[in-house]
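Peer 1: Contents of upload_13.tsv (TSV, C-alpha atoms and all ligand atoms) are below:
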```
chain	number	residue	atom	x	y	z
A	81	MET	CA	0.00	0.00	0.00
A	82	LYS	CA	1.28	3.45	-0.96
A	83	MET	CA	0.47	6.49	1.10
A	84	LEU	CA	0.05	10.18	0.21
A	85	THR	CA	-0.51	13.07	2.61
A	86	PHE	CA	-2.65	16.04	1.53
A	87	ALA	CA	-2.57	19.28	3.49
A	88	GLY	CA	-3.81	22.82	3.03
A	89	ALA	CA	-5.87	25.52	4.69
A	90	HIS	CA	-9.61	25.21	5.30
A	91	ALA	CA	-11.72	25.17	2.15
A	92	CYS	CA	-8.72	25.48	-0.16
A	93	GLY	CA	-9.97	22.53	-2.20
A	94	LYS	CA	-8.29	19.45	-0.70
A	95	THR	CA	-11.39	17.26	-0.76
A	96	SER	CA	-12.22	18.34	-4.32
A	97	VAL	CA	-8.71	17.47	-5.55
A	98	ILE	CA	-8.65	14.18	-3.62
A	99	ILE	CA	-12.01	13.09	-5.03
A	100	LYS	CA	-10.73	13.69	-8.57
A	101	THR	CA	-7.39	12.01	-7.84
A	102	ALA	CA	-9.05	8.98	-6.24
A	103	ALA	CA	-11.43	8.63	-9.20
A	104	ILE	CA	-8.46	8.47	-11.59
A	105	LEU	CA	-6.58	6.01	-9.38
A	106	ASN	CA	-9.67	3.83	-8.93
A	107	GLU	CA	-10.19	3.82	-12.71
A	108	THR	CA	-6.68	2.52	-13.21
A	109	GLY	CA	-7.48	-0.34	-10.85
A	110	LEU	CA	-5.78	1.06	-7.73
A	111	LYS	CA	-8.19	0.92	-4.81
A	112	THR	CA	-7.89	4.29	-3.13
A	113	GLY	CA	-9.17	5.23	0.31
A	114	VAL	CA	-9.08	8.43	2.32
A	115	MET	CA	-8.56	9.22	5.98
A	116	LYS	CA	-9.98	12.65	6.77
A	117	LEU	CA	-8.77	14.37	9.91
A	118	ASP	CA	-10.32	17.50	11.29
A	119	CYS	CA	-10.40	19.29	14.59
A	120	ILE	CA	-14.01	20.17	15.36
A	121	PHE	CA	-16.30	19.17	12.51
A	122	SER	CA	-16.15	17.76	9.00
A	123	ASP	CA	-18.72	16.44	6.58
A	124	ASP	CA	-16.12	15.40	4.01
A	125	ASP	CA	-16.95	11.76	4.81
A	126	SER	CA	-20.34	12.23	3.16
A	127	LEU	CA	-18.66	13.73	0.06
A	128	TYR	CA	-16.25	10.79	-0.16
A	129	ARG	CA	-19.07	8.34	0.39
A	130	ALA	CA	-21.15	9.98	-2.36
A	131	ALA	CA	-18.14	9.64	-4.68
A	132	GLY	CA	-17.88	5.96	-3.76
A	133	ILE	CA	-14.53	6.37	-2.01
A	134	THR	CA	-13.70	4.21	1.01
A	135	ASN	CA	-12.99	6.62	3.86
A	136	ILE	CA	-12.63	7.10	7.57
A	137	LYS	CA	-13.08	10.32	9.54
A	138	MET	CA	-11.14	11.30	12.63
A	139	ILE	CA	-11.78	14.31	14.85
A	140	SER	CA	-8.93	15.42	17.08
A	141	GLY	CA	-11.13	17.52	19.40
A	142	ASN	CA	-9.07	19.34	22.00
A	143	VAL	CA	-5.80	17.87	20.80
A	144	CYS	CA	-3.57	19.59	18.21
A	145	PRO	CA	-4.54	17.82	14.96
A	146	ASP	CA	-0.97	17.42	13.74
A	147	HIS	CA	0.05	15.69	16.98
A	148	PHE	CA	-3.14	13.67	16.92
A	149	PHE	CA	-2.25	12.61	13.38
A	150	ALA	CA	1.34	11.74	14.34
A	151	VAL	CA	0.18	9.32	17.03
A	152	SER	CA	-2.71	7.96	14.94
A	153	VAL	CA	-0.66	7.08	11.82
A	154	PRO	CA	-0.16	3.40	12.80
A	155	GLN	CA	-3.93	3.02	13.33
A	156	VAL	CA	-4.71	4.78	10.03
A	157	PHE	CA	-2.20	2.59	8.23
A	158	GLU	CA	-3.76	-0.51	9.80
A	159	TRP	CA	-7.20	0.68	8.59
A	160	GLY	CA	-5.83	1.00	5.05
A	161	LEU	CA	-4.40	-2.51	5.12
A	162	GLU	CA	-7.65	-3.96	6.52
A	163	ASN	CA	-9.53	-2.30	3.64
A	164	ARG	CA	-7.01	-3.71	1.15
A	165	LEU	CA	-6.20	-0.28	-0.21
A	166	ASP	CA	-3.54	0.18	-2.87
A	167	VAL	CA	-3.36	3.90	-2.14
A	168	LEU	CA	-4.11	5.56	1.18
A	169	ILE	CA	-4.62	9.34	1.08
A	170	THR	CA	-4.75	11.40	4.25
A	171	GLU	CA	-6.46	14.81	4.31
A	172	SER	CA	-5.70	17.34	7.01
A	173	ALA	CA	-6.10	21.08	7.29
A	174	GLY	CA	-2.86	21.10	9.26
A	175	LEU	CA	-4.51	23.48	11.67
A	176	CYS	CA	-1.50	23.85	13.88
A	177	GLY	CA	0.51	25.65	11.20
A	178	ARG	CA	3.74	25.20	13.15
A	179	CYS	CA	4.10	21.57	12.11
A	180	ALA	CA	2.92	19.71	9.04
A	181	PRO	CA	0.75	16.64	8.57
A	182	HIS	CA	3.40	15.19	6.28
A	183	ILE	CA	5.60	12.18	6.95
A	184	ARG	CA	9.23	11.80	5.94
A	185	ASP	CA	9.62	9.64	2.78
A	186	ILE	CA	5.85	9.67	2.10
A	187	PRO	CA	4.87	11.84	-0.91
A	188	ALA	CA	3.38	15.07	0.41
A	189	VAL	CA	0.88	17.29	-1.40
A	190	CYS	CA	-0.01	20.86	-0.43
A	191	VAL	CA	-3.14	22.46	-1.85
A	192	ILE	CA	-3.23	26.26	-2.12
A	193	ASP	CA	-6.20	28.38	-3.08
A	194	CYS	CA	-4.93	30.91	-5.61
A	195	LEU	CA	-7.30	33.52	-4.18
A	196	ALA	CA	-5.94	33.15	-0.67
A	197	GLY	CA	-3.71	36.20	-0.99
A	198	ILE	CA	-0.10	36.92	-1.71
A	199	SER	CA	1.06	36.11	1.80
A	200	ALA	CA	-0.68	32.72	1.84
A	201	PRO	CA	2.46	30.74	0.92
A	202	ALA	CA	4.42	32.34	3.77
A	203	LYS	CA	1.59	31.72	6.23
A	204	THR	CA	1.15	28.12	5.12
A	205	GLY	CA	4.57	27.28	6.54
A	206	PRO	CA	5.83	23.70	6.78
A	207	MET	CA	2.75	22.21	5.07
A	208	LEU	CA	4.01	23.92	1.93
A	209	ARG	CA	7.73	23.84	2.65
A	210	TYR	CA	7.81	20.08	3.03
A	211	ALA	CA	5.46	19.37	0.13
A	212	ASP	CA	6.65	17.37	-2.88
A	213	HIS	CA	3.73	18.55	-4.99
A	214	ILE	CA	1.77	21.79	-4.85
A	215	ILE	CA	-1.70	22.02	-6.33
A	216	ILE	CA	-3.20	25.43	-7.00
A	217	THR	CA	-7.01	25.54	-6.97
A	218	LYS	CA	-9.70	28.05	-7.92
A	219	ALA	CA	-7.76	29.51	-10.83
A	220	ASP	CA	-11.08	29.52	-12.67
A	221	LEU	CA	-12.28	32.23	-10.28
A	222	ALA	CA	-9.32	34.54	-10.83
A	223	ARG	CA	-9.78	37.47	-13.17
A	224	PRO	CA	-8.73	36.18	-16.59
A	225	ALA	CA	-6.23	39.01	-16.93
A	226	TYR	CA	-4.43	37.80	-13.84
A	227	ARG	CA	-4.48	34.10	-14.56
A	228	ASP	CA	-0.94	32.64	-14.43
A	229	LEU	CA	-0.31	35.87	-12.64
A	230	VAL	CA	3.00	37.52	-13.29
A	231	CYS	CA	3.31	40.87	-11.62
A	232	LEU	CA	6.86	41.94	-11.14
A	233	ILE	CA	8.96	44.92	-10.41
A	234	GLY	CA	12.30	44.44	-12.10
A	235	SER	CA	15.39	43.86	-10.05
A	236	GLY	CA	18.75	45.47	-10.64
A	237	GLY	CA	21.56	43.62	-12.37
A	238	LEU	CA	19.26	41.19	-14.13
A	239	PRO	CA	17.37	41.28	-17.40
A	240	ASP	CA	13.72	42.04	-17.18
A	241	PRO	CA	12.38	38.82	-15.66
A	242	MET	CA	9.07	39.11	-17.51
A	243	LEU	CA	9.78	36.68	-20.34
A	244	PRO	CA	11.86	34.28	-18.20
A	245	ILE	CA	8.97	34.08	-15.74
A	246	TYR	CA	6.64	33.37	-18.61
A	247	MET	CA	8.99	30.64	-19.88
A	248	TYR	CA	9.19	29.21	-16.39
A	249	HIS	CA	5.41	29.08	-16.10
A	250	ARG	CA	5.04	27.36	-19.44
A	251	HIS	CA	8.14	25.22	-19.79
A	252	GLY	CA	9.74	25.04	-16.34
A	253	ARG	CA	13.46	25.18	-15.62
A	254	GLU	CA	14.41	23.87	-19.07
A	255	GLY	CA	12.54	26.77	-20.69
A	256	VAL	CA	14.53	29.33	-18.72
A	257	LYS	CA	17.75	27.47	-19.49
A	258	ALA	CA	17.02	27.40	-23.22
A	259	LEU	CA	16.22	31.10	-23.16
A	260	CYS	CA	19.48	31.85	-21.34
A	261	ARG	CA	21.44	29.92	-23.95
A	262	ASN	CA	20.16	32.44	-26.46
A	263	ILE	CA	21.02	35.44	-24.34
A	264	ARG	CA	24.78	35.45	-24.23
A	265	THR	CA	25.08	38.52	-22.15
A	266	VAL	CA	22.90	41.05	-20.49
A	267	ALA	CA	22.86	44.70	-21.39
A	268	GLY	CA	20.63	47.58	-20.44
A	269	PRO	CA	17.53	48.09	-22.61
A	270	SER	CA	18.97	51.18	-24.26
A	271	SER	CA	22.07	49.28	-25.48
A	272	THR	CA	20.05	46.31	-26.64
A	273	ILE	CA	17.76	48.55	-28.66
A	274	ARG	CA	20.83	49.91	-30.43
A	275	TYR	CA	22.13	46.47	-31.40
A	276	ILE	CA	18.96	44.68	-32.34
A	277	GLY	CA	18.95	43.58	-35.95
A	278	LYS	CA	22.54	44.71	-36.55
A	279	GLU	CA	25.28	42.46	-37.86
A	280	GLN	CA	27.80	43.69	-35.32
A	281	ASN	CA	25.43	42.72	-32.53
A	282	PRO	CA	27.73	41.63	-29.69
A	283	TYR	CA	24.86	40.17	-27.71
A	284	GLY	CA	22.72	37.10	-28.10
A	285	ALA	CA	19.93	36.07	-30.42
A	286	ILE	CA	17.22	36.99	-27.93
A	287	PHE	CA	16.90	40.12	-25.88
A	288	VAL	CA	14.82	40.39	-22.77
A	289	MET	CA	13.68	43.89	-22.06
A	290	PRO	CA	10.75	45.82	-20.68
A	291	ALA	CA	7.80	45.50	-23.01
A	292	LEU	CA	7.70	49.19	-23.76
A	293	PHE	CA	11.31	49.17	-24.97
A	294	ALA	CA	10.50	46.09	-27.00
A	295	GLU	CA	7.74	48.07	-28.67
A	296	ILE	CA	10.38	50.50	-29.89
A	297	CYS	CA	12.09	47.61	-31.70
A	298	ARG	CA	9.00	46.59	-33.60
A	299	GLY	CA	9.94	48.93	-36.42
A	300	LYS	CA	13.43	47.41	-36.82
A	301	GLN	CA	14.25	45.17	-39.73
A	302	ASN	CA	15.35	41.64	-38.77
A	303	ALA	CA	13.78	41.96	-35.34
A	304	ARG	CA	10.81	39.97	-34.22
A	305	VAL	CA	9.21	41.18	-31.04
A	306	ILE	CA	7.36	38.66	-28.93
A	307	LEU	CA	5.44	39.82	-25.90
A	308	PRO	CA	4.10	37.34	-23.38
A	309	GLU	CA	0.42	37.10	-24.08
A	310	SER	CA	-1.07	35.90	-20.85
A	311	GLY	CA	-0.72	37.10	-17.34
A	312	ALA	CA	-0.50	40.61	-16.04
A	313	LEU	CA	2.91	42.17	-16.20
A	314	ALA	CA	4.26	44.96	-14.13
A	315	GLU	CA	7.49	46.60	-15.04
A	316	PRO	CA	8.39	50.19	-14.43
A	317	VAL	CA	10.12	51.69	-17.40
A	318	ILE	CA	12.91	53.95	-16.30
A	319	TYR	CA	15.09	55.88	-18.67
A	320	MET	CA	17.83	58.36	-18.14
A	321	LYS	CA	19.17	61.01	-20.41
A	322	LYS	CA	22.84	61.71	-20.72
A	323	ALA	CA	23.64	65.43	-20.60
A	324	GLY	CA	24.07	66.67	-24.13
A	325	GLU	CA	22.42	63.54	-25.61
A	326	GLU	CA	18.84	64.32	-24.75
A	327	ASN	CA	17.73	63.67	-28.30
A	328	THR	CA	18.71	59.99	-28.13
A	329	THR	CA	15.63	59.21	-26.04
A	330	SER	CA	13.20	61.19	-28.13
A	331	ARG	CA	11.92	58.13	-29.99
A	332	ILE	CA	11.33	56.29	-26.76
A	333	GLU	CA	9.58	59.26	-25.22
A	334	ALA	CA	7.45	59.74	-28.29
A	335	PHE	CA	6.27	56.17	-28.01
A	336	LEU	CA	5.90	56.11	-24.21
A	337	PHE	CA	3.66	59.11	-24.13
A	338	SER	CA	1.78	58.42	-27.32
A	339	GLY	CA	-1.74	57.04	-27.05
A	340	ARG	CA	-0.50	53.55	-28.02
A	341	GLY	CA	2.30	53.65	-25.46
A	342	MET	CA	0.03	54.69	-22.64
A	343	GLN	CA	-2.45	52.02	-23.63
A	344	THR	CA	0.22	49.29	-23.71
A	345	ALA	CA	1.48	50.43	-20.34
A	346	SER	CA	-1.86	50.42	-18.61
A	347	SER	CA	-3.04	47.15	-20.19
A	348	ARG	CA	0.14	45.47	-19.04
A	349	MET	CA	0.21	47.16	-15.67
A	350	MET	CA	3.40	49.05	-16.32
A	351	THR	CA	4.32	52.55	-15.52
A	352	PRO	CA	6.64	54.53	-17.69
A	353	ALA	CA	8.61	56.61	-15.26
A	354	ASP	CA	10.91	59.30	-16.50
A	355	ASP	CA	13.27	61.35	-14.42
A	356	HIS	CA	10.49	63.82	-13.69
A	357	GLY	CA	8.44	61.20	-11.86
A	358	GLY	CA	5.97	58.67	-13.16
A	359	ALA	CA	3.45	59.36	-15.86
A	360	ILE	CA	0.95	56.55	-15.40
A	361	PRO	CA	0.12	55.32	-11.89
A	362	ILE	CA	0.77	51.61	-11.52
A	363	ASP	CA	-2.31	49.51	-10.92
A	364	ARG	CA	-2.78	49.04	-7.18
A	365	PHE	CA	-3.50	45.39	-7.74
A	366	CYS	CA	0.04	44.76	-8.89
A	367	ARG	CA	1.53	46.38	-5.82
A	368	THR	CA	-0.11	43.77	-3.64
A	369	HIS	CA	0.53	40.86	-5.95
A	370	LEU	CA	4.27	40.65	-6.27
A	371	LEU	CA	5.26	37.05	-6.53
A	372	TYR	CA	8.50	37.31	-4.62
A	373	PRO	CA	9.22	33.57	-4.33
A	374	GLU	CA	8.81	33.09	-8.07
A	375	LEU	CA	10.86	36.14	-8.89
A	376	GLU	CA	13.61	34.86	-6.62
A	377	THR	CA	13.52	31.40	-8.19
A	378	VAL	CA	13.71	32.73	-11.73
A	379	ALA	CA	16.26	35.40	-10.82
A	380	ALA	CA	18.49	32.68	-9.30
A	381	MET	CA	18.13	30.65	-12.50
A	382	LEU	CA	19.00	33.65	-14.65
A	383	LYS	CA	22.09	34.36	-12.58
A	384	MET	CA	23.19	30.75	-12.80
A	385	TYR	CA	22.45	30.10	-16.46
A	386	LEU	CA	23.66	33.46	-17.71
A	387	ALA	CA	26.90	33.20	-15.74
A	388	ASP	CA	27.55	29.99	-17.70
A	389	LYS	CA	27.73	31.85	-20.99
A	390	GLY	CA	28.23	28.62	-22.97
A	401	LIG	N1	-14.57	27.42	-8.41
A	401	LIG	C1	-13.82	26.53	-7.78
A	401	LIG	N2	-14.25	26.07	-6.60
A	401	LIG	C2	-13.49	25.16	-5.96
A	401	LIG	C3	-12.25	24.70	-6.50
A	401	LIG	N3	-11.74	23.80	-5.62
A	401	LIG	C4	-12.61	23.74	-4.59
A	401	LIG	N4	-13.67	24.54	-4.80
A	401	LIG	C5	-14.83	24.76	-3.91
A	401	LIG	O1	-14.34	25.28	-2.68
A	401	LIG	C6	-15.10	24.78	-1.58
A	401	LIG	C7	-14.18	24.08	-0.59
A	401	LIG	O2	-13.58	22.96	-1.24
A	401	LIG	P1	-13.15	21.64	-0.46
A	401	LIG	O3	-12.60	20.68	-1.48
A	401	LIG	O4	-14.25	21.15	0.40
A	401	LIG	O5	-11.97	22.24	0.44
A	401	LIG	P2	-11.18	21.58	1.69
A	401	LIG	O6	-11.80	22.14	2.93
A	401	LIG	O7	-9.77	22.05	1.54
A	401	LIG	O8	-11.30	20.10	1.58
A	401	LIG	C8	-16.12	23.82	-2.19
A	401	LIG	O9	-17.33	24.51	-2.32
A	401	LIG	C9	-15.54	23.48	-3.55
A	401	LIG	O10	-16.54	23.15	-4.49
A	401	LIG	C10	-11.83	25.22	-7.77
A	401	LIG	O11	-10.74	24.89	-8.31
A	401	LIG	N5	-12.66	26.14	-8.35
A	402	MG	MG	-12.02	18.78	3.00
```
Starting from the coordinates I provided, produce the structure as structure tokens.
Peer 2:
Amino acid sequence: MKMLTFAGAHACGKTSVIIKTAAILNETGLKTGVMKLDCIFSDDDSLYRAAGITNIKMISGNVCPDHFFAVSVPQVFEWGLENRLDVLITESAGLCGRCAPHIRDIPAVCVIDCLAGISAPAKTGPMLRYADHIIITKADLARPAYRDLVCLIGSGGLPDPMLPIYMYHRHGREGVKALCRNIRTVAGPSSTIRYIGKEQNPYGAIFVMPALFAEICRGKQNARVILPESGALAEPVIYMKKAGEENTTSRIEAFLFSGRGMQTASSRMMTPADDHGGAIPIDRFCRTHLLYPELETVAAMLKMYLADKG
């Protein structure tokens, strides 16, 4: 008998995911049963029963549910064997929060409601930290514009992480690696604009830059501009003018403050900010939806893969 532990906050969707998982496992001939543990009350047993899933419910009452679970595991395991289960799934809200209802060497799943707020991962603690698999639920309820949400403020010393994040979402680590192979070095947006489509281009085949700068390159021969299509993007566009070379930014400015530029900026949640202060206020939503962990992950990948310029 194999065992899997499922954990996640109240009403995040654990039972819903387990019912679907068990149905698939049962279809493939693996008899799957569920042990549901709660603290005060649960009617999940009736949901499992209605779905035809063998289950047992435990209520920890006054005892911390994670400790209750830790001491009950042998009994739960015994129940699974008695019921001749091939797969035993345990469901717990992990109410304690300090510990996790996961067991070393047993695959652990954490379910997260994508509407739970930006600080939910941090609050979820060890349930999430020790998980082998993370399932995100309720994406269907998120505003379509923010699905696969990518809201970022760029970080210094790295290319705009917008496209890498998009690659990561779609193709995982390999996607970011492949992208980095095509970016041999990293230069500021203003230098990359200068070299795009030129034979003496000292940089790579692909440039990653803020979307608004990329727009400037649309007019260039031999340059194909691809903007991530899904997800909301936030990237402040900052440009500086060198004394005596003010005219070099005129094309950028003309675009930034043209109707099309403003529209691109607001639809993608960006703010062009010149040295006189911002021109379009950034959408408040983006300020509260910075995906720091993802930015850190991708930024670490960029640093690693771009350092290895091969
Ligand atoms: N729209 C939507 N509702 C969901 C999703 N997952 C769960 N729910 C609903 O959220 C509520 C709580 O789900 P449940 O599986 O009981 O959560 P649990 O307490 O973590 O076991 C139920 O009404 C579900 O139908 C989802 O992906 N989309
Ligand atoms: Mg449940």
Peer 1: Dump the neighbourhood of ligand LIG 401 (chain A) as a PyMOL selection string: all residues within 12 Å, distances computed on all atoms listed in the file.
Peer 2: chain A and resi 86-101+114+116-118+121-128+170-175+190-196+215-222
Peer 1: Considering only C-alpha atoms, state which residue in the set A:Lys383, A:His249, A:Lys82, A:His147 is at the smallest distance from Asp185 in chain A.
Peer 2: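 Using only C-alpha atoms, Asp185 in chain A sits closest to A:Lys82.
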Peer 1: Find the residues around Cys260 in chain A up to 12 Å (all atoms listed in the file counted), leave out those fewer than 6 positions away in its own chain, and share them as a list in words.
Peer 2: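 The neighbour list is Leu238, Pro239, Pro241, Leu243, Pro244, Met247, Tyr248, Arg253, Glu254, Val266, Tyr283, Gly284, Ala285, Ile286, Phe287, Val288, Val378, Ala379, Met381, Leu382, Lys383, Met384, Tyr385, Leu386, Ala387, Asp388, Lys389 and Gly390 of chain A.
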Peer 1: For those residues, write C-alpha atoms to a file as a PDB file, in the coordinates of the input.
Peer 2:
```pdb
ATOM      1  CA  LEU A 238      19.260  41.190 -14.130  1.00  0.00           C
ATOM      2  CA  PRO A 239      17.370  41.280 -17.400  1.00  0.00           C
ATOM      3  CA  PRO A 241      12.380  38.820 -15.660  1.00  0.00           C
ATOM      4  CA  LEU A 243       9.780  36.680 -20.340  1.00  0.00           C
ATOM      5  CA  PRO A 244      11.860  34.280 -18.200  1.00  0.00           C
ATOM      6  CA  MET A 247       8.990  30.640 -19.880  1.00  0.00           C
ATOM      7  CA  TYR A 248       9.190  29.210 -16.390  1.00  0.00           C
ATOM      8  CA  ARG A 253      13.460  25.180 -15.620  1.00  0.00           C
ATOM      9  CA  GLU A 254      14.410  23.870 -19.070  1.00  0.00           C
ATOM     10  CA  VAL A 266      22.900  41.050 -20.490  1.00  0.00           C
ATOM     11  CA  TYR A 283      24.860  40.170 -27.710  1.00  0.00           C
ATOM     12  CA  GLY A 284      22.720  37.100 -28.100  1.00  0.00           C
ATOM     13  CA  ALA A 285      19.930  36.070 -30.420  1.00  0.00           C
ATOM     14  CA  ILE A 286      17.220  36.990 -27.930  1.00  0.00           C
ATOM     15  CA  PHE A 287      16.900  40.120 -25.880  1.00  0.00           C
ATOM     16  CA  VAL A 288      14.820  40.390 -22.770  1.00  0.00           C
ATOM     17  CA  VAL A 378      13.710  32.730 -11.730  1.00  0.00           C
ATOM     18  CA  ALA A 379      16.260  35.400 -10.820  1.00  0.00           C
ATOM     19  CA  MET A 381      18.130  30.650 -12.500  1.00  0.00           C
ATOM     20  CA  LEU A 382      19.000  33.650 -14.650  1.00  0.00           C
ATOM     21  CA  LYS A 383      22.090  34.360 -12.580  1.00  0.00           C
ATOM     22  CA  MET A 384      23.190  30.750 -12.800  1.00  0.00           C
ATOM     23  CA  TYR A 385      22.450  30.100 -16.460  1.00  0.00           C
ATOM     24  CA  LEU A 386      23.660  33.460 -17.710  1.00  0.00           C
ATOM     25  CA  ALA A 387      26.900  33.200 -15.740  1.00  0.00           C
ATOM     26  CA  ASP A 388      27.550  29.990 -17.700  1.00  0.00           C
ATOM     27  CA  LYS A 389      27.730  31.850 -20.990  1.00  0.00           C
ATOM     28  CA  GLY A 390      28.230  28.620 -22.970  1.00  0.00           C
TER      29      GLY A 390
END
```
Peer 1: A:Ala102, A:Leu165, A:Gln155, A:Gly113: which is nearest Met81 in chain A, counting all atoms listed in the file?
Peer 2: A:Leu165
Peer 1: Give, as lines of an AutoDock Vina configuration file, the centre coordinates and the x, y and z edge lengths in Å to one decimal for an axis-aligned box around all listed atoms of range 190-207 of chain A, padded by 3 Å on each side.
Peer 2:
```
center_x = -0.7
center_y = 28.9
center_z = 0.6
size_x = 19.1
size_y = 22.1
size_z = 18.4
```
Peer 1: Between A:Ala130, A:Cys179, A:Lys137, A:Ile276, single out the one closest to ligand MG 402 (chain A), counting all atoms listed in the file.
Peer 2: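 Under the stated criterion, the closest residue is A:Lys137.
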Peer 1: Which one is closest to ligand MG 402 (chain A): A:Met115, A:Ala303, A:Leu105, A:Ala200? Count all atoms listed in the file.
Peer 2: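 Result for the nearest residue to ligand MG 402 (chain A): A:Met115.
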Peer 1: May I ask which of the residues A:Cys119, A:Ile183, A:Lys278, A:Arg298 is the closest one to ligand MG 402 (chain A), counting all atoms listed in the file?
Peer 2: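 When distances to ligand MG 402 (chain A) are compared using all atoms listed in the file, the smallest one comes from A:Cys119.
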Peer 1: Just to confirm, what's the straight-line distance from CA of Gly277 in chain A to CA of Asn302 in chain A in Å (one decimal)?
Peer 2: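 CA of Asn302 in chain A lies at a distance of 5.0 Å from CA of Gly277 in chain A.
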Peer 1: When you look at Thr328 in chain A with a cut-off of 12 Å (counting all atoms listed in the file), what residues show up, excluding the ones that are within fewer than 5 positions of it in the same chain? I need them as a list in words.
Peer 2: Ser270, Ser271, Ile273, Arg274, Tyr319, Met320, Lys321, Lys322, Ala323, Glu333 and Ala334 of chain A
Peer 1: For the atom pair CA of Leu208 in chain A and CA of Ala188 in chain A, what is the interatomic distance in Å to one decimal place?
Peer 2: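 It comes out at 9.0 Å.
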Peer 1: A:Val151, A:Ile263, A:Leu84, A:Ala103: which is nearest Ile186 in chain A, counting all atoms listed in the file?
Peer 2: A:Leu84
Peer 1: For Ile120 in chain A, work out the shell of residues within 8 Å, counting all atoms listed in the file and skipping chain neighbours fewer than 5 positions away, then give it as number ranges by chain.
Peer 2: A: 139-141
Peer 1: Would you compute the distance between CA of Thr85 in chain A and CA of Phe148 in chain A? Give it in Å to one decimal.
Peer 2: 14.6 Å
